[in-house]
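Asks: The structure's right below; bear with me while I get my questions together.
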Amino acid sequence: MWREARLAFSDAFSSLSCAIVPAHPWLYGVGQQTDNGAYLSPANAVAYLAGKLASAAGVRDVVVMLVTGQTQADFITRLDALTQVFPAPAFTQVSRLARSAAELATVRMQLPARGENGLPAALPLSVPTSRAVMNARAVASAQQAASAGIDMGGIKSALAGFTAQRASLLSEVADGLTQLAGKSARAWVFTAKGDAATLTRALMQGIPELSAVHSAAIMLAGDNLDGIKGMIHEFDNNAGA
């Protein structure tokens with residue numbers, strides 16, 4: 001069934017394998033492309049996912065995450081919040097595309113900037129031949145250093161540096177987990193179990209935010225998705241959430 005939920009990771013999350021199907025305005029044959037931008041209604045997004053699911057074999061568990069927006073700004077805000085918690089490639093790609101479209105619309109309303117004939121910003125020069133030369137030089141330097149003999153003082157210094165770097169990396173991982181556990185986002189979710197026909201019928205019922213013009217969704221389908229369901233937290237209706 002469809003409902004709005006809070007998405008957040010916890011220590012109980014477990015790995016899983018599943019099929020991943022995205023639906024967004026920039027997907028060929030799914031969204032509507034106009035001079036003013038790309039659009040996709042939740043109904044059309046879900047219909048596309050249902051079409052993929054209808055012909056699936058061996059699927060018994062489905063999770064769909066849906067982000068909607070009445071305006072482009074609202075859509076981007078909700079996408080950004082979700083990608084902080086669940087940065088699936090489909091969502092991060094849509095976030096970049098939506099932001100680029102918004103920036104392009106802003107640029108079109110502005111006067112051309114002066115000085116367009118100036119030089120572009122400096123960038124590192126890198127072509128296959130130059131990289132080959134630099135790699136060969138690095139190998140030669142390493143060989144020369146190795147032939148110079150063993151420096152116990154240098155080895156001890158390198159080991160001390162490695163130990164400090166390892167401790168720093170472990171601390172960053174722990175801090176990252178703490179920060180991730182504190183993040184959450186609201187999104188429409190659908191979860192159900194059954195055969196493909198039953199799942200497809202359920203998916204098409206009660207589609208949320210039918211009047212929205214911006215939407216993006218991702219469908220996860222597999223044998224058992226309990227691992228991802230652990231990040232879906234229901235709102236307490238009695239608490240006014």
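Residue numbers start at 1 in each chain; chains themselves are named A, B, ... in the order of the structure tokens; ligands are numbered from 1 in the order shown.
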Set out as a Markdown table a contact list for range 173-225 of chain A and range 47-62 of chain A with a cut-off of 10 Å, giving each residue of range 173-225 of chain A that qualifies its closest atom pair and distance in Å to one decimal, counting only C-alpha atoms, ordered by chain and rising residue number.

Replies:
```
| residue | atom | partner | partner_atom | distance |
| --- | --- | --- | --- | --- |
| A:Phe190 | CA | A:Val62 | CA | 7.7 |
| A:Thr191 | CA | A:Val62 | CA | 5.7 |
| A:Ala192 | CA | A:Val62 | CA | 5.6 |
| A:Lys193 | CA | A:Asp61 | CA | 4.5 |
| A:Gly194 | CA | A:Arg60 | CA | 4.9 |
| A:Asp195 | CA | A:Arg60 | CA | 5.6 |
| A:Ala196 | CA | A:Ala54 | CA | 5.6 |
| A:Ala197 | CA | A:Ala54 | CA | 6.1 |
| A:Thr198 | CA | A:Ala54 | CA | 9.1 |
| A:Leu199 | CA | A:Val62 | CA | 7.6 |
| A:Thr200 | CA | A:Ala50 | CA | 5.4 |
| A:Arg201 | CA | A:Ala50 | CA | 8.2 |
| A:Ala202 | CA | A:Ala50 | CA | 9.5 |
| A:Leu203 | CA | A:Ala50 | CA | 6.8 |
| A:Met204 | CA | A:Ala47 | CA | 7.0 |
| A:Ile207 | CA | A:Ala47 | CA | 9.8 |
| A:Ala217 | CA | A:Leu49 | CA | 8.6 |
| A:Ile218 | CA | A:Leu49 | CA | 8.4 |
| A:Met219 | CA | A:Leu49 | CA | 7.0 |
| A:Leu220 | CA | A:Val62 | CA | 5.7 |
| A:Ala221 | CA | A:Val62 | CA | 4.5 |
| A:Gly222 | CA | A:Val59 | CA | 5.2 |
| A:Asp223 | CA | A:Arg60 | CA | 5.2 |
| A:Asn224 | CA | A:Asp61 | CA | 5.7 |
| A:Leu225 | CA | A:Asp61 | CA | 6.2 |
```

Asks: If we count only C-alpha atoms and set the cut-off at 7 Å, which residues sit around Ala8 in chain A, ignoring sequence neighbours fewer than 6 positions away in its own chain? Please answer as a count of residues only.

Replies: 7

Asks: Need to verify the contact set: Ala212 in chain A, 8 Å, only C-alpha atoms, exclusion of same-chain residues closer than 4 positions in sequence. Can you return it as a ChimeraX atom specification?

Replies: /A:41-42,68-70

Asks: To one decimal place in Å, what is the distance between CA of Pro89 in chain A and CA of Leu27 in chain A?

Replies: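 CA of Leu27 in chain A lies at a distance of 13.3 Å from CA of Pro89 in chain A.
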
Asks: For CA of Leu66 in chain A and CA of Thr92 in chain A, determine how far apart the two atoms are, in Å to one decimal place.

Replies: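 Going from CA of Leu66 in chain A over to CA of Thr92 in chain A, I get 13.6 Å.
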
Asks: Out of A:Arg166, A:His214, A:Arg137, A:Arg96, which residue has the shortest atom-to-atom distance to Asn44 in chain A when counting only C-alpha atoms?

Replies: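 Residue with the minimum atom-to-atom distance to Asn44 in chain A: A:His214.
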